[in-house]
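Here the structure is laid out as structure tokens; the discussion comes afterwards.
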Amino acid sequence: MALRLASIVLLLLGCAASSAAAQSLGLDPEHDTPIWMRTWSALGTSADLPRRLEGVGTATSGLMFGPPRIGTFWTAGNPAGLVEGARDTRSDFSGTWSRQSGNYHRPLEPNGTTLAQGAAQAWKGFSPTFAMLGRVTFDRERLEPGSRAVTTEPFGSSPFVTTDTSGSGVRRTRATLEGAAGWRLGKWGVGLTLGYEAREHSSTTSGIVRKIRLATPGGVFGIARRLGGIELAIHARYRHRTEETDVAEKYENGRVYELVGYGEALGIDILGATGDYIRHRAENASAAGGSVAGAFGPTRWTLLAEATRLRETLWRQEVNDPPRDRWDANGWRARAAIQRSLTPRWLLTMHANAASLSGTGDLALDTAGIIFTAHESAFATEMELRLLPLDQGWTGSLTVGWTHESRKRQDLMVHLGSSISANTPSVGFDIGRTIGSRLLVSMGAALAPYGPTSTIPDPAAAGPVYRYYVAPELDLYASRATPTAFSFLIQYRGGKNAVLWLTGRGERLSSSESVPLSAFTPGGNRSAASFAGGITLR
């Protein structure tokens, strides 16, 4: 009874959370949780392929979340499939601490990041026709030494990025609230996902004061129809994001640069006499598509295809109806998953994801028209073989993956471009053993050698702003690297429905090149450590 009341309260609040869905856990913030726990979010990107620092695997042991899930909800992200996807009940409450530091990073990344987070997550099938899921997270992050970027996400496909010369330490606060509900009406299914994220960034101790405020609401609506053993579904998703950047002098003069692609940017001095530097950004991201799911005996499968679109505008509010810079991108995304029980204990799951976009940038005060283009694509596939656990004995998983990225970016104003393609095979394993009937201990490891081929501009052909802010990033992408990671998990079953757990992970990254590509190539290494603990109720 207590478990049921706790689950109902969580779901009515729209809460929920992942034990490791943090902003900066590990070297790759998008790999903090398994892929099937991320696809349903209404706050995900559309027509955008953010550039990531090389990383490997998820931030926690793959054994913690149970076997991978697939289907209309977990693979296609359509809430109309939630009733079938969440017939059980699960609630997670967690706290997380992580630290990332090292010199091997891009100019717009901080030297060091520390994160503390609290989170809760729950899903429940209330009846054969109704289910709900929710997630809530709250985290505080400190960037010290700070980043040169004066924006929340400086590594998107858009070429418009604001920076300043202070590099001051920053404190970030983020709160995220998401919830999904699904109904089954005979052969029809309908569902709705809503999410809201709020962020506030402010400098800690600096002569230049930064303030960034960001608000992101989003939603997904879906409909599904069963035809025999096949489920057909369609969905539409929309996300709106507003960001306001304010940079002001406190007791030190500074300079802001509005980067646009690979060209030189004129500095904007931050002086008390000239007032604050304020820039606004508005983003509208949308997607629409369909999916099909079914089963053949012990084999289940799901396919998704959708069209994506992004419209971004940026302006400085100095006059009425100010000129607005624009970034427009259109693309597509596809996803496939297949799962088969080989024996009562062996489970095979395969995921494949592909995305592509083409974008154009236009400066409002330039009469030349399109000044920057990007054509980017990514493909990733992963296969997991899992030994399902018993009350006593061994359990484990073996994961093999491969990722290919292609990014072609062209600055038409200065006639400089880059073409970077990279292949990244990966392998990881977790092995655990149940001791008695209550304690599970597991260890895991993973590696993912990154191998690029590239054509990038000669820094000598560009100016000092390019050499400082852009050249080191491109050199990093053009350098081979092999991130490695190790993790552990301890679970203790305190009762019939409660599990206490503690998990940790360490990751390290450095270039595999024997000689730096140029004097601007980052050196040294980067490491990350994270620890999370909590309780799971079933």
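Naming scheme: A, B, ... for chains in displayed order of the structure tokens; residues 1 onward per chain; ligands 1 onward as shown.
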Handout entry: region 360-364 of chain A environment, 9 Å, only C-alpha atoms, sequence neighbours closer than 4 positions dropped, as number ranges by chain
Key = A: 158-160, 260, 323-329, 368-374
Practice task
Might you pull out every residue within 12 Å of Asp48 (chain A), with only C-alpha atoms counted and same-chain residues fewer than 3 positions away left off, and present them as a ChimeraX atom specification?
Solution key: /A:44-45,51,153,155-159,283-287,308-312,327-333,355-359,374-378,407
Exercise for the section: May I ask for the distance between CA of Val515 (chain A) and CA of Phe486 (chain A), given in Å to one decimal place? Expected result: 27.4 Å
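From CA of Thr173 (chain A) back to CA of Tyr468 (chain A), the distance works out to 28.4 Å.
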Practice task
Do a neighbour search on region 524-532 of chain A at 6 Å with only C-alpha atoms, toss out local chain neighbours closer than 4 positions, and write the hits as a ChimeraX atom specification.
Solution key: /A:26,95-104,502-510
Handout entry: Exercise: region 295-304 of chain A partners within 12 Å, only C-alpha atoms, chain neighbours under 2 positions left out, as a ChimeraX atom specification
Key = /A:39,69-78,81,228-235,288-293,306-307,332-344,346-355
Exercise for the section: Extract the full set of strand (DSSP E) residues from region 338-484 of chain A according to DSSP on the backbone, and format it as a ChimeraX atom specification. Expected result: /A:338-341,346-362,370-387,393-411,416-435,439-447,451-455,484
Handout entry: Selection: 10 Å around Ile456 (chain A), only C-alpha atoms, excl. self and same-chain fewer than 3 positions, as a count of residues only
Key = 14
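Once Phe429 (chain A) and its same-chain neighbours fewer than 3 positions away are set aside, Gly57, Ser61, Gly62, Leu63, Glu384, Leu385, Arg386, Gly396, Ser397, Leu398, Thr399, Val400, Met443, Gly444, Ala445, Ala446, Leu447, Phe486 and Ser487 of chain A remain within 10 Å of it when counting only C-alpha atoms.
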